[in-house]
>>> print(open('query_6.cif').read())   # mmCIF, C-alpha atoms
data_model
loop_
_atom_site.group_PDB
_atom_site.id
_atom_site.type_symbol
_atom_site.label_atom_id
_atom_site.label_comp_id
_atom_site.auth_asym_id
_atom_site.auth_seq_id
_atom_site.Cartn_x
_atom_site.Cartn_y
_atom_site.Cartn_z
ATOM 1 C CA MET A 154 0.000 0.000 0.000
ATOM 2 C CA LEU A 155 1.677 3.211 -1.219
ATOM 3 C CA SER A 156 0.343 6.600 -0.133
ATOM 4 C CA ASN A 157 1.724 9.936 1.024
ATOM 5 C CA THR A 158 -1.633 10.982 2.445
ATOM 6 C CA ASP A 159 -1.243 8.937 5.623
ATOM 7 C CA SER A 160 -1.856 11.324 8.563
ATOM 8 C CA LEU A 161 0.881 9.947 10.798
ATOM 9 C CA TYR A 162 3.440 9.972 7.976
ATOM 10 C CA GLN A 163 2.583 13.598 7.154
ATOM 11 C CA LEU A 164 2.871 14.578 10.824
ATOM 12 C CA ILE A 165 6.287 12.936 11.215
ATOM 13 C CA LYS A 166 7.580 14.562 8.022
ATOM 14 C CA SER A 167 6.374 17.965 9.250
ATOM 15 C CA LEU A 168 8.539 17.793 12.392
ATOM 16 C CA SER A 169 11.676 19.881 12.641
ATOM 17 C CA LYS A 170 14.955 18.388 13.878
ATOM 18 C CA SER A 171 14.462 19.921 17.319
ATOM 19 C CA GLU A 172 10.881 18.616 17.503
ATOM 20 C CA LYS A 173 12.064 15.097 16.645
ATOM 21 C CA ARG A 174 14.769 15.354 19.288
ATOM 22 C CA ASN A 175 12.266 16.525 21.908
ATOM 23 C CA PHE A 176 9.905 13.703 21.013
ATOM 24 C CA LYS A 177 12.619 11.091 21.422
ATOM 25 C CA LEU A 178 13.639 12.557 24.787
ATOM 26 C CA TYR A 179 10.020 12.387 25.897
ATOM 27 C CA ALA A 180 9.486 8.872 24.536
ATOM 28 C CA ASN A 181 12.640 7.529 26.239
ATOM 29 C CA ARG A 182 11.041 8.324 29.593
ATOM 30 C CA LEU A 183 8.187 5.961 28.843
ATOM 31 C CA GLN A 184 8.456 2.318 29.745
ATOM 32 C CA GLY A 185 6.913 -0.858 28.334
ATOM 33 C CA ASN A 186 7.027 -3.084 25.294
ATOM 34 C CA GLU A 187 4.362 -1.151 23.375
ATOM 35 C CA ASP A 188 6.266 2.108 23.892
ATOM 36 C CA SER A 189 9.458 0.605 22.467
ATOM 37 C CA LYS A 190 7.480 -0.615 19.450
ATOM 38 C CA PHE A 191 6.058 2.803 18.649
ATOM 39 C CA MET A 192 9.570 4.255 18.762
ATOM 40 C CA VAL A 193 10.692 1.609 16.263
ATOM 41 C CA LEU A 194 7.724 2.610 14.115
ATOM 42 C CA PHE A 195 8.662 6.292 14.410
ATOM 43 C CA ASP A 196 12.252 5.681 13.288
ATOM 44 C CA VAL A 197 11.167 3.550 10.329
ATOM 45 C CA MET A 198 8.542 6.018 9.111
ATOM 46 C CA ASP A 199 10.909 8.953 9.592
ATOM 47 C CA LYS A 200 13.421 7.381 7.194
ATOM 48 C CA LEU A 201 10.924 6.486 4.466
ATOM 49 C CA LYS A 202 10.828 8.755 1.412
ATOM 50 C CA ASP A 203 7.263 7.620 0.708
ATOM 51 C CA TYR A 204 4.664 6.002 2.902
ATOM 52 C CA ASP A 205 4.680 2.278 2.166
ATOM 53 C CA GLU A 206 2.968 -0.068 4.610
ATOM 54 C CA GLU A 207 4.733 -3.159 3.286
ATOM 55 C CA LYS A 208 8.160 -1.588 3.834
ATOM 56 C CA ILE A 209 7.137 -0.510 7.338
ATOM 57 C CA LEU A 210 6.168 -4.074 8.282
ATOM 58 C CA GLN A 211 9.412 -5.376 6.821
ATOM 59 C CA LYS A 212 11.647 -2.903 8.665
ATOM 60 C CA ALA A 213 9.755 -2.392 11.943
ATOM 61 C CA GLU A 214 11.005 -5.346 13.940
ATOM 62 C CA GLY A 215 8.397 -6.843 16.255
ATOM 63 C CA VAL A 216 5.476 -4.936 14.710
ATOM 64 C CA SER A 217 2.807 -7.153 13.173
ATOM 65 C CA LYS A 218 0.160 -6.114 10.673
ATOM 66 C CA ALA A 219 -2.537 -6.627 13.329
ATOM 67 C CA GLN A 220 -0.721 -4.219 15.677
ATOM 68 C CA LEU A 221 0.086 -1.523 13.133
ATOM 69 C CA SER A 222 -3.180 0.432 13.235
ATOM 70 C CA ASN A 223 -3.217 0.744 17.052
ATOM 71 C CA LEU A 224 0.504 1.552 17.199
ATOM 72 C CA LYS A 225 0.086 4.307 14.614
ATOM 73 C CA ALA A 226 -2.802 5.846 16.599
ATOM 74 C CA HIS A 227 -0.727 5.660 19.803
ATOM 75 C CA LEU A 228 2.314 7.212 18.120
ATOM 76 C CA TYR A 229 0.224 9.989 16.590
ATOM 77 C CA LYS A 230 -1.176 10.882 20.028
ATOM 78 C CA GLN A 231 2.261 10.849 21.688
ATOM 79 C CA ILE A 232 3.729 13.162 19.044
ATOM 80 C CA LEU A 233 0.870 15.629 19.544
ATOM 81 C CA LEU A 234 1.398 15.486 23.312
ATOM 82 C CA THR A 235 5.070 16.433 22.974
ATOM 83 C CA LEU A 236 4.238 19.203 20.494
ATOM 84 C CA ARG A 237 1.704 20.577 22.964
ATOM 85 C CA LEU A 238 4.174 20.437 25.855
ATOM 86 C CA ASN A 239 6.823 22.311 23.889
ATOM 87 C CA ALA A 240 4.354 24.806 22.398
ATOM 88 C CA SER A 241 3.039 25.955 25.784
ATOM 89 C CA ASN A 242 6.060 28.272 26.076
ATOM 90 C CA GLN A 243 5.655 29.651 22.557
ATOM 91 C CA ASP A 244 1.951 29.639 21.709
ATOM 92 C CA LEU A 245 -0.159 31.940 23.871
ATOM 93 C CA ASP A 246 -3.444 30.133 23.191
ATOM 94 C CA ILE A 247 -1.983 26.800 24.264
ATOM 95 C CA TYR A 248 -0.431 28.414 27.353
ATOM 96 C CA LEU A 249 -3.739 29.973 28.426
ATOM 97 C CA ARG A 250 -5.699 26.776 27.878
ATOM 98 C CA GLU A 251 -3.071 24.950 29.907
ATOM 99 C CA GLN A 252 -3.696 27.380 32.782
ATOM 100 C CA ILE A 253 -7.446 26.729 32.517
ATOM 101 C CA ASP A 254 -6.769 22.978 32.597
ATOM 102 C CA TYR A 255 -4.640 23.438 35.728
ATOM 103 C CA ALA A 256 -7.438 25.468 37.316
ATOM 104 C CA LYS A 257 -9.898 22.650 36.608
ATOM 105 C CA LEU A 258 -7.537 20.099 38.153
ATOM 106 C CA LEU A 259 -7.281 22.258 41.286
ATOM 107 C CA TYR A 260 -11.060 22.675 41.348
ATOM 108 C CA ASN A 261 -11.547 18.900 41.130
ATOM 109 C CA LYS A 262 -9.228 18.553 44.139
ATOM 110 C CA GLY A 263 -11.407 20.945 46.122
ATOM 111 C CA LEU A 264 -8.758 23.683 46.050
ATOM 112 C CA TYR A 265 -11.207 26.364 44.952
ATOM 113 C CA ASN A 266 -9.279 29.469 45.934
ATOM 114 C CA GLN A 267 -6.134 28.135 44.238
ATOM 115 C CA SER A 268 -8.222 27.439 41.151
ATOM 116 C CA LEU A 269 -9.518 31.016 41.122
ATOM 117 C CA LYS A 270 -5.984 32.378 41.515
ATOM 118 C CA MET A 271 -4.877 30.327 38.511
ATOM 119 C CA LEU A 272 -7.799 31.693 36.495
ATOM 120 C CA ASP A 273 -7.024 35.238 37.608
ATOM 121 C CA LYS A 274 -3.442 34.873 36.391
ATOM 122 C CA ALA A 275 -4.674 33.607 33.020
ATOM 123 C CA LYS A 276 -7.269 36.401 32.885
ATOM 124 C CA VAL A 277 -4.628 39.135 33.146
ATOM 125 C CA THR A 278 -2.655 37.666 30.232
ATOM 126 C CA ALA A 279 -5.775 37.086 28.116
ATOM 127 C CA ILE A 280 -6.863 40.715 28.600
ATOM 128 C CA GLU A 281 -3.403 42.045 27.739
ATOM 129 C CA PHE A 282 -3.225 40.123 24.465
ATOM 130 C CA GLU A 283 -6.887 40.392 23.391
ATOM 131 C CA LYS A 284 -7.592 36.657 23.695
ATOM 132 C CA ASN A 285 -11.274 37.336 24.105
ATOM 133 C CA THR A 286 -12.849 33.956 23.422
ATOM 134 C CA ILE A 287 -10.486 32.288 25.885
ATOM 135 C CA LEU A 288 -11.136 35.117 28.335
ATOM 136 C CA LEU A 289 -14.865 34.422 28.140
ATOM 137 C CA GLU A 290 -14.143 30.779 28.990
ATOM 138 C CA ILE A 291 -12.135 31.958 32.005
ATOM 139 C CA TYR A 292 -15.020 34.150 33.197
ATOM 140 C CA ASP A 293 -17.516 31.317 32.722
ATOM 141 C CA PHE A 294 -15.416 28.933 34.810
ATOM 142 C CA ALA A 295 -14.878 31.587 37.498
ATOM 143 C CA LYS A 296 -18.655 32.132 37.633
ATOM 144 C CA HIS A 297 -19.142 28.388 37.992
ATOM 145 C CA ILE A 298 -16.761 28.254 40.960
ATOM 146 C CA GLU A 299 -18.266 31.301 42.663
ATOM 147 C CA GLY A 300 -21.744 29.943 41.962
ATOM 148 C CA GLN A 301 -21.046 26.968 44.231
ATOM 149 C CA TYR A 302 -21.025 29.384 47.232
ATOM 150 C CA ILE A 303 -17.865 27.764 48.538
ATOM 151 C CA THR A 304 -15.290 30.550 48.400
ATOM 152 C CA ARG A 305 -17.176 33.100 50.555
ATOM 153 C CA SER A 306 -16.115 35.851 48.129
ATOM 154 C CA ILE A 307 -19.256 35.986 46.017
ATOM 155 C CA ASP A 308 -20.359 39.393 47.354
ATOM 156 C CA THR A 309 -17.175 41.097 46.192
ATOM 157 C CA THR A 310 -16.664 39.310 42.891
ATOM 158 C CA ALA A 311 -20.111 38.606 41.450
ATOM 159 C CA GLU A 312 -20.672 42.082 40.057
ATOM 160 C CA GLU A 313 -17.157 42.302 38.639
ATOM 161 C CA ILE A 314 -17.377 38.917 36.900
ATOM 162 C CA THR A 315 -20.855 39.412 35.436
ATOM 163 C CA THR A 316 -20.168 42.981 34.260
ATOM 164 C CA SER A 317 -16.863 41.996 32.674
ATOM 165 C CA ALA A 318 -18.425 38.948 31.011
ATOM 166 C CA ASN A 319 -21.290 41.013 29.580
ATOM 167 C CA LEU A 320 -18.923 43.649 28.156
ATOM 168 C CA LEU A 321 -16.691 40.948 26.745
ATOM 169 C CA THR A 322 -19.628 39.180 25.091
ATOM 170 C CA LYS A 323 -20.611 42.452 23.405
ATOM 171 C CA LYS A 324 -17.039 42.900 22.178
ATOM 172 C CA ILE A 325 -16.909 39.338 20.798
ATOM 173 C CA ILE A 326 -20.234 39.812 18.979
ATOM 174 C CA GLY A 327 -18.918 43.033 17.409
ATOM 175 C CA THR A 328 -15.655 41.415 16.383
ATOM 176 C CA ASN A 329 -17.551 38.507 14.863
ATOM 177 C CA ALA A 330 -19.756 40.866 12.814
ATOM 178 C CA PHE A 331 -16.775 42.735 11.333
ATOM 179 C CA SER A 332 -14.741 39.578 10.714
ATOM 180 C CA ASN A 333 -17.721 37.941 8.986
ATOM 181 C CA LEU A 334 -17.942 40.889 6.627
ATOM 182 C CA GLY A 335 -14.208 40.761 5.950
ATOM 183 C CA ILE A 336 -14.122 37.078 5.093
ATOM 184 C CA ARG A 337 -17.242 37.332 2.905
ATOM 185 C CA LEU A 338 -15.655 40.200 0.980
ATOM 186 C CA TYR A 339 -12.433 38.246 0.580
ATOM 187 C CA SER A 340 -14.436 35.288 -0.702
ATOM 188 C CA LEU A 341 -16.179 37.626 -3.141
ATOM 189 C CA TYR A 342 -12.785 38.971 -4.228
ATOM 190 C CA LEU A 343 -11.513 35.446 -4.942
ATOM 191 C CA LYS A 344 -14.615 34.646 -7.011
ATOM 192 C CA THR A 345 -14.969 37.854 -8.995
ATOM 193 C CA SER A 346 -11.623 39.611 -8.581
ATOM 194 C CA GLN A 347 -12.248 43.284 -9.433
ATOM 195 C CA VAL A 348 -15.431 44.853 -10.778
ATOM 196 C CA ARG A 349 -15.698 44.904 -14.570
ATOM 197 C CA ASN A 350 -18.692 47.152 -15.161
ATOM 198 C CA GLU A 351 -21.275 49.409 -13.533
ATOM 199 C CA LYS A 352 -23.506 46.464 -12.651
ATOM 200 C CA ASP A 353 -20.695 44.739 -10.729
ATOM 201 C CA LEU A 354 -19.867 47.979 -8.934
ATOM 202 C CA LEU A 355 -23.480 48.507 -7.869
ATOM 203 C CA PHE A 356 -23.775 44.932 -6.603
ATOM 204 C CA VAL A 357 -20.547 45.017 -4.558
ATOM 205 C CA SER A 358 -21.262 48.488 -3.135
ATOM 206 C CA GLU A 359 -24.741 47.449 -2.055
ATOM 207 C CA PHE A 360 -23.414 44.238 -0.562
ATOM 208 C CA PHE A 361 -20.821 46.133 1.458
ATOM 209 C CA LYS A 362 -23.161 48.855 2.723
ATOM 210 C CA SER A 363 -25.925 46.462 3.709
ATOM 211 C CA ASN A 364 -23.579 44.181 5.667
ATOM 212 C CA LEU A 365 -21.381 46.821 7.321
ATOM 213 C CA PRO A 366 -22.337 47.040 11.022
ATOM 214 C CA SER A 367 -23.079 50.509 12.401
ATOM 215 C CA TYR A 368 -20.300 51.702 14.664
ATOM 216 C CA ASN A 369 -18.590 54.515 16.534
ATOM 217 C CA ILE A 370 -14.873 54.125 15.895
ATOM 218 C CA GLU A 371 -14.023 55.392 19.391
ATOM 219 C CA ASP A 372 -16.022 52.557 20.962
ATOM 220 C CA LEU A 373 -14.446 49.734 18.973
ATOM 221 C CA SER A 374 -11.967 47.268 20.426
ATOM 222 C CA PHE A 375 -8.658 46.376 18.788
ATOM 223 C CA PHE A 376 -10.050 43.484 16.773
ATOM 224 C CA GLU A 377 -13.235 45.289 15.818
ATOM 225 C CA LYS A 378 -11.078 48.050 14.318
ATOM 226 C CA MET A 379 -8.702 45.597 12.683
ATOM 227 C CA TYR A 380 -11.478 43.655 10.951
ATOM 228 C CA LEU A 381 -13.213 46.910 9.979
ATOM 229 C CA TYR A 382 -10.031 48.140 8.251
ATOM 230 C CA GLN A 383 -9.543 44.716 6.696
ATOM 231 C CA SER A 384 -13.087 44.811 5.286
ATOM 232 C CA TYR A 385 -12.458 48.199 3.708
ATOM 233 C CA VAL A 386 -9.225 46.884 2.154
ATOM 234 C CA TRP A 387 -11.022 43.939 0.509
ATOM 235 C CA TYR A 388 -13.928 46.136 -0.589
ATOM 236 C CA SER A 389 -11.765 48.869 -2.087
ATOM 237 C CA ASN A 390 -9.619 46.239 -3.827
ATOM 238 C CA ILE A 391 -12.703 44.807 -5.508
ATOM 239 C CA VAL A 392 -14.039 48.193 -6.651
ATOM 240 C CA GLN A 393 -10.512 49.332 -7.639
ATOM 241 C CA ASP A 394 -10.514 52.304 -5.301
ATOM 242 C CA PHE A 395 -6.814 52.004 -4.566
ATOM 243 C CA LEU A 396 -6.491 55.287 -2.675
ATOM 244 C CA THR A 397 -9.071 54.078 -0.131
ATOM 245 C CA CYS A 398 -7.362 50.697 -0.055
ATOM 246 C CA TYR A 399 -4.053 52.347 0.846
ATOM 247 C CA LYS A 400 -5.796 54.499 3.457
ATOM 248 C CA TYR A 401 -7.294 51.541 5.321
ATOM 249 C CA ALA A 402 -4.244 49.315 4.869
ATOM 250 C CA SER A 403 -2.268 52.116 6.552
ATOM 251 C CA ARG A 404 -4.759 52.234 9.411
ATOM 252 C CA TRP A 405 -4.497 48.459 9.707
ATOM 253 C CA VAL A 406 -0.699 48.669 10.069
ATOM 254 C CA ASP A 407 -0.871 51.735 12.338
ATOM 255 C CA LEU A 408 -3.253 49.893 14.666
ATOM 256 C CA PHE A 409 -0.611 47.234 15.245
ATOM 257 C CA GLU A 410 2.123 49.851 15.568
ATOM 258 C CA GLU A 411 0.073 51.467 18.343
ATOM 259 C CA ASN A 412 -0.210 48.064 20.052
ATOM 260 C CA LYS A 413 3.285 46.693 19.463
ATOM 261 C CA HIS A 414 2.948 43.974 22.110
ATOM 262 C CA LEU A 415 0.329 42.305 19.888
ATOM 263 C CA ILE A 416 2.546 42.108 16.797
ATOM 264 C CA PRO A 417 4.393 38.873 17.710
ATOM 265 C CA VAL A 418 1.141 37.251 18.883
ATOM 266 C CA TYR A 419 -0.811 38.046 15.711
ATOM 267 C CA ALA A 420 2.084 37.973 13.263
ATOM 268 C CA ASP A 421 0.005 36.656 10.371
ATOM 269 C CA LEU A 422 -2.520 39.504 10.588
ATOM 270 C CA TYR A 423 0.213 42.122 10.900
ATOM 271 C CA LEU A 424 2.104 40.778 7.879
ATOM 272 C CA LYS A 425 -1.104 40.691 5.847
ATOM 273 C CA GLY A 426 -1.650 44.350 6.671
ATOM 274 C CA LEU A 427 1.927 45.190 5.708
ATOM 275 C CA HIS A 428 1.542 43.304 2.452
ATOM 276 C CA ASN A 429 -1.578 45.243 1.440
ATOM 277 C CA TRP A 430 -0.032 48.539 2.550
ATOM 278 C CA GLU A 431 3.111 47.916 0.483
ATOM 279 C CA ILE A 432 1.196 46.893 -2.641
ATOM 280 C CA ARG A 433 -0.843 50.102 -2.551
ATOM 281 C CA ASN A 434 2.291 52.067 -1.721
ATOM 282 C CA HIS A 435 3.105 51.606 -5.438
ATOM 283 C CA THR A 436 6.073 49.307 -4.928
ATOM 284 C CA GLY A 437 4.588 45.838 -4.803
ATOM 285 C CA LYS A 438 7.587 44.728 -2.710
ATOM 286 C CA LEU A 439 8.383 44.832 0.964
ATOM 287 C CA ASN A 440 10.978 47.565 1.365
ATOM 288 C CA TYR A 441 14.053 47.534 3.571
ATOM 289 C CA GLN A 442 12.284 49.250 6.478
ATOM 290 C CA VAL A 443 9.505 46.669 6.478
ATOM 291 C CA TRP A 444 12.007 43.794 6.437
ATOM 292 C CA LEU A 445 13.685 45.351 9.470
ATOM 293 C CA LEU A 446 10.337 45.383 11.260
ATOM 294 C CA ILE A 447 9.738 41.750 10.377
ATOM 295 C CA PHE A 448 13.177 40.774 11.650
ATOM 296 C CA LYS A 449 12.720 42.805 14.837
ATOM 297 C CA TYR A 450 9.420 41.217 15.852
ATOM 298 C CA PHE A 451 9.648 37.715 14.439
ATOM 299 C CA ALA A 452 13.300 36.692 14.728
ATOM 300 C CA PRO A 453 12.853 35.772 18.444
ATOM 301 C CA ILE A 454 9.839 33.610 17.543
ATOM 302 C CA LEU A 455 11.518 31.886 14.609
ATOM 303 C CA GLY A 456 14.660 31.311 16.655
#
>>> encode(input="query_6.cif", output="structure tokens")
Amino acid sequence: MLSNTDSLYQLIKSLSKSEKRNFKLYANRLQGNEDSKFMVLFDVMDKLKDYDEEKILQKAEGVSKAQLSNLKAHLYKQILLTLRLNASNQDLDIYLREQIDYAKLLYNKGLYNQSLKMLDKAKVTAIEFEKNTILLEIYDFAKHIEGQYITRSIDTTAEEITTSANLLTKKIIGTNAFSNLGIRLYSLYLKTSQVRNEKDLLFVSEFFKSNLPSYNIEDLSFFEKMYLYQSYVWYSNIVQDFLTCYKYASRWVDLFEENKHLIPVYADLYLKGLHNWEIRNHTGKLNYQVWLLIFKYFAPILG
């Protein structure tokens, strides 16, 4: 059986040298016959140029055809576990969800105040880096703990939690409305590219106006503004209003420049803004200054 679409094979081939090394260090701590077999399977699959089940069974000593499916599933899970462990120091979402998991473990042990302290620590980070959906999960869990009437702090925290959760929900709804418009416009751009006649222009303009949420720019959060500017970039690209495109691409980039701590966290969105700004800056290429910015913010992440 010859196929390069095997999920485990693709995962192994996607690993960097350091990720493979970390996996082997992790796997060597495990004991048992099955664990040694999945390491044999890992080494064999890592060396294959193409996925070939017959070659795997020939080279993976001690692995039978009946065992292969379960061993592959076990190996796949163990690789993901090591990737998650290593990513907790680099990926903010994974780190925050790890803190929530720790809080739940403490809660299950009856250590309610410790659980709330863990959530409070995660809350501060989530607020700082605009991780709003995770923040809502933190508030919901905190409300659940306080709702058990076991911490004796409900009088002082109930109003704060409910008010913050309500404001956050409103912010998430607004962000969702602007991001929905942006992705629908981008989809429209991919299908139709730019308008070709008056009829196309009328259709796109009406589509944009009817789906653009009403807003006061001063009241918008970071992501509401970002997706608003992004929507204008897609719209003005479609209708070939390149001056407006440059205007909103500039605002998109400026928004990140005003919130520099968010640039490494949302690198993809920042680079997309830079790309659109540069194209409408009549160069079509990232200039030296932009490359310096990229190096400044992303070199630490890329190592």
>>> resolve_selection(input="query_6.cif", expression="the PyMOL selection byres ((chain A and resi 267) around 12)", output="VMD selection string")
chain A and resid 252 to 253 255 to 266 268 to 274 295 298 304
>>> write_last_selection(input="query_6.cif", atoms="C-alpha atoms", output="PDB file, keeping the file's coordinate frame")
ATOM      1  CA  GLN A 252      -3.696  27.380  32.782  1.00  0.00           C
ATOM      2  CA  ILE A 253      -7.446  26.729  32.517  1.00  0.00           C
ATOM      3  CA  TYR A 255      -4.640  23.438  35.728  1.00  0.00           C
ATOM      4  CA  ALA A 256      -7.438  25.468  37.316  1.00  0.00           C
ATOM      5  CA  LYS A 257      -9.898  22.650  36.608  1.00  0.00           C
ATOM      6  CA  LEU A 258      -7.537  20.099  38.153  1.00  0.00           C
ATOM      7  CA  LEU A 259      -7.281  22.258  41.286  1.00  0.00           C
ATOM      8  CA  TYR A 260     -11.060  22.675  41.348  1.00  0.00           C
ATOM      9  CA  ASN A 261     -11.547  18.900  41.130  1.00  0.00           C
ATOM     10  CA  LYS A 262      -9.228  18.553  44.139  1.00  0.00           C
ATOM     11  CA  GLY A 263     -11.407  20.945  46.122  1.00  0.00           C
ATOM     12  CA  LEU A 264      -8.758  23.683  46.050  1.00  0.00           C
ATOM     13  CA  TYR A 265     -11.207  26.364  44.952  1.00  0.00           C
ATOM     14  CA  ASN A 266      -9.279  29.469  45.934  1.00  0.00           C
ATOM     15  CA  SER A 268      -8.222  27.439  41.151  1.00  0.00           C
ATOM     16  CA  LEU A 269      -9.518  31.016  41.122  1.00  0.00           C
ATOM     17  CA  LYS A 270      -5.984  32.378  41.515  1.00  0.00           C
ATOM     18  CA  MET A 271      -4.877  30.327  38.511  1.00  0.00           C
ATOM     19  CA  LEU A 272      -7.799  31.693  36.495  1.00  0.00           C
ATOM     20  CA  ASP A 273      -7.024  35.238  37.608  1.00  0.00           C
ATOM     21  CA  LYS A 274      -3.442  34.873  36.391  1.00  0.00           C
ATOM     22  CA  ALA A 295     -14.878  31.587  37.498  1.00  0.00           C
ATOM     23  CA  ILE A 298     -16.761  28.254  40.960  1.00  0.00           C
ATOM     24  CA  THR A 304     -15.290  30.550  48.400  1.00  0.00           C
TER      25      THR A 304
END
>>> residues_near_point(input="query_6.cif", point="(-18.3, 40.7, 20.1)", cutoff="10 Å", atoms="only C-alpha atoms", output="VMD selection string")
chain A and resid 285 to 286 319 to 331 373 to 374 376 to 377
>>> atom_distance(input="query_6.cif", atom1="CA of Leu164 in chain A", atom2="CA of Lys190 in chain A")
18.1 Å
>>> closest_residue(input="query_6.cif", among="A:Arg182, A:Leu210, A:Tyr229, A:Thr397", to="Ser160 in chain A", atoms="only C-alpha atoms")
A:Tyr229
>>> resolve_selection(input="query_6.cif", expression="the PyMOL selection byres ((chain A and resi 213-216) around 12)", output="ChimeraX atom specification")
/A:186-201,205-212,217-225
>>> resolve_selection(input="query_6.cif", expression="the PyMOL selection byres ((chain A and resi 360-362) around 10)", output="NGL selection string")
:A and (334-335 or 337-338 or 354-359 or 363-367 or 384-385 or 388)
>>> atom_distance(input="query_6.cif", atom1="CA of Ser171 in chain A", atom2="CA of Leu249 in chain A")
23.6 Å
>>> residues_around(input="query_6.cif", residues="Trp430 in chain A", least_positions_apart="3", cutoff="9 Å", atoms="all atoms listed in the file", output="CSV table (one decimal) with C-alpha atoms, in the frame of the given file")
chain,number,residue,atom,x,y,z
A,398,CYS,CA,-7.4,50.7,-0.1
A,399,TYR,CA,-4.1,52.3,0.8
A,400,LYS,CA,-5.8,54.5,3.5
A,401,TYR,CA,-7.3,51.5,5.3
A,402,ALA,CA,-4.2,49.3,4.9
A,403,SER,CA,-2.3,52.1,6.6
A,405,TRP,CA,-4.5,48.5,9.7
A,406,VAL,CA,-0.7,48.7,10.1
A,425,LYS,CA,-1.1,40.7,5.8
A,426,GLY,CA,-1.6,44.4,6.7
A,427,LEU,CA,1.9,45.2,5.7
A,433,ARG,CA,-0.8,50.1,-2.6
A,434,ASN,CA,2.3,52.1,-1.7
>>> closest_residue(input="query_6.cif", among="A:Ser167, A:Gln383, A:Thr278, A:Thr235", to="Asn429 in chain A", atoms="all atoms listed in the file")
A:Gln383
>>> axis_aligned_box(input="query_6.cif", around="range 245-263 of chain A", padding_each_side="8 Å", output="JSON")
{"center_x": -5.9, "center_y": 25.2, "center_z": 34.7, "size_x": 27.4, "size_y": 29.4, "size_z": 38.9}
>>> closest_residue(input="query_6.cif", among="A:Phe176, A:Lys378, A:Ser340, A:Glu371", to="Asp407 in chain A", atoms="all atoms listed in the file")
A:Lys378
>>> atom_distance(input="query_6.cif", atom1="CA of Lys173 in chain A", atom2="CA of Ile416 in chain A")
28.6 Å
>>> decode(input="query_6.cif", residues="range 264-276 of chain A", atoms="N, CA and C atoms", output="PDB file, in the first residue's frame")
ATOM      1  N   LEU A 264      -9.590  22.516  45.755  1.00  0.00           N
ATOM      2  CA  LEU A 264      -8.758  23.683  46.050  1.00  0.00           C
ATOM      3  C   LEU A 264      -9.303  24.880  45.272  1.00  0.00           C
ATOM      4  N   TYR A 265     -10.446  25.386  45.723  1.00  0.00           N
ATOM      5  CA  TYR A 265     -11.207  26.364  44.952  1.00  0.00           C
ATOM      6  C   TYR A 265     -10.526  27.717  44.854  1.00  0.00           C
ATOM      7  N   ASN A 266      -9.958  28.173  45.972  1.00  0.00           N
ATOM      8  CA  ASN A 266      -9.279  29.469  45.934  1.00  0.00           C
ATOM      9  C   ASN A 266      -8.021  29.417  45.070  1.00  0.00           C
ATOM     10  N   GLN A 267      -7.301  28.293  45.103  1.00  0.00           N
ATOM     11  CA  GLN A 267      -6.134  28.135  44.238  1.00  0.00           C
ATOM     12  C   GLN A 267      -6.553  28.120  42.760  1.00  0.00           C
ATOM     13  N   SER A 268      -7.699  27.484  42.512  1.00  0.00           N
ATOM     14  CA  SER A 268      -8.222  27.439  41.151  1.00  0.00           C
ATOM     15  C   SER A 268      -8.544  28.840  40.655  1.00  0.00           C
ATOM     16  N   LEU A 269      -9.180  29.640  41.505  1.00  0.00           N
ATOM     17  CA  LEU A 269      -9.518  31.016  41.122  1.00  0.00           C
ATOM     18  C   LEU A 269      -8.268  31.861  40.906  1.00  0.00           C
ATOM     19  N   LYS A 270      -7.241  31.646  41.699  1.00  0.00           N
ATOM     20  CA  LYS A 270      -5.984  32.378  41.515  1.00  0.00           C
ATOM     21  C   LYS A 270      -5.341  32.027  40.173  1.00  0.00           C
ATOM     22  N   MET A 271      -5.418  30.759  39.801  1.00  0.00           N
ATOM     23  CA  MET A 271      -4.877  30.327  38.511  1.00  0.00           C
ATOM     24  C   MET A 271      -5.645  30.993  37.371  1.00  0.00           C
ATOM     25  N   LEU A 272      -6.964  31.043  37.508  1.00  0.00           N
ATOM     26  CA  LEU A 272      -7.799  31.693  36.495  1.00  0.00           C
ATOM     27  C   LEU A 272      -7.516  33.185  36.427  1.00  0.00           C
ATOM     28  N   ASP A 273      -7.294  33.800  37.581  1.00  0.00           N
ATOM     29  CA  ASP A 273      -7.024  35.238  37.608  1.00  0.00           C
ATOM     30  C   ASP A 273      -5.716  35.569  36.900  1.00  0.00           C
ATOM     31  N   LYS A 274      -4.729  34.697  37.079  1.00  0.00           N
ATOM     32  CA  LYS A 274      -3.442  34.873  36.391  1.00  0.00           C
ATOM     33  C   LYS A 274      -3.631  34.763  34.873  1.00  0.00           C
ATOM     34  N   ALA A 275      -4.404  33.782  34.454  1.00  0.00           N
ATOM     35  CA  ALA A 275      -4.674  33.607  33.020  1.00  0.00           C
ATOM     36  C   ALA A 275      -5.492  34.774  32.480  1.00  0.00           C
ATOM     37  N   LYS A 276      -6.409  35.289  33.292  1.00  0.00           N
ATOM     38  CA  LYS A 276      -7.269  36.401  32.885  1.00  0.00           C
ATOM     39  C   LYS A 276      -6.448  37.635  32.549  1.00  0.00           C
TER      40      LYS A 276
END
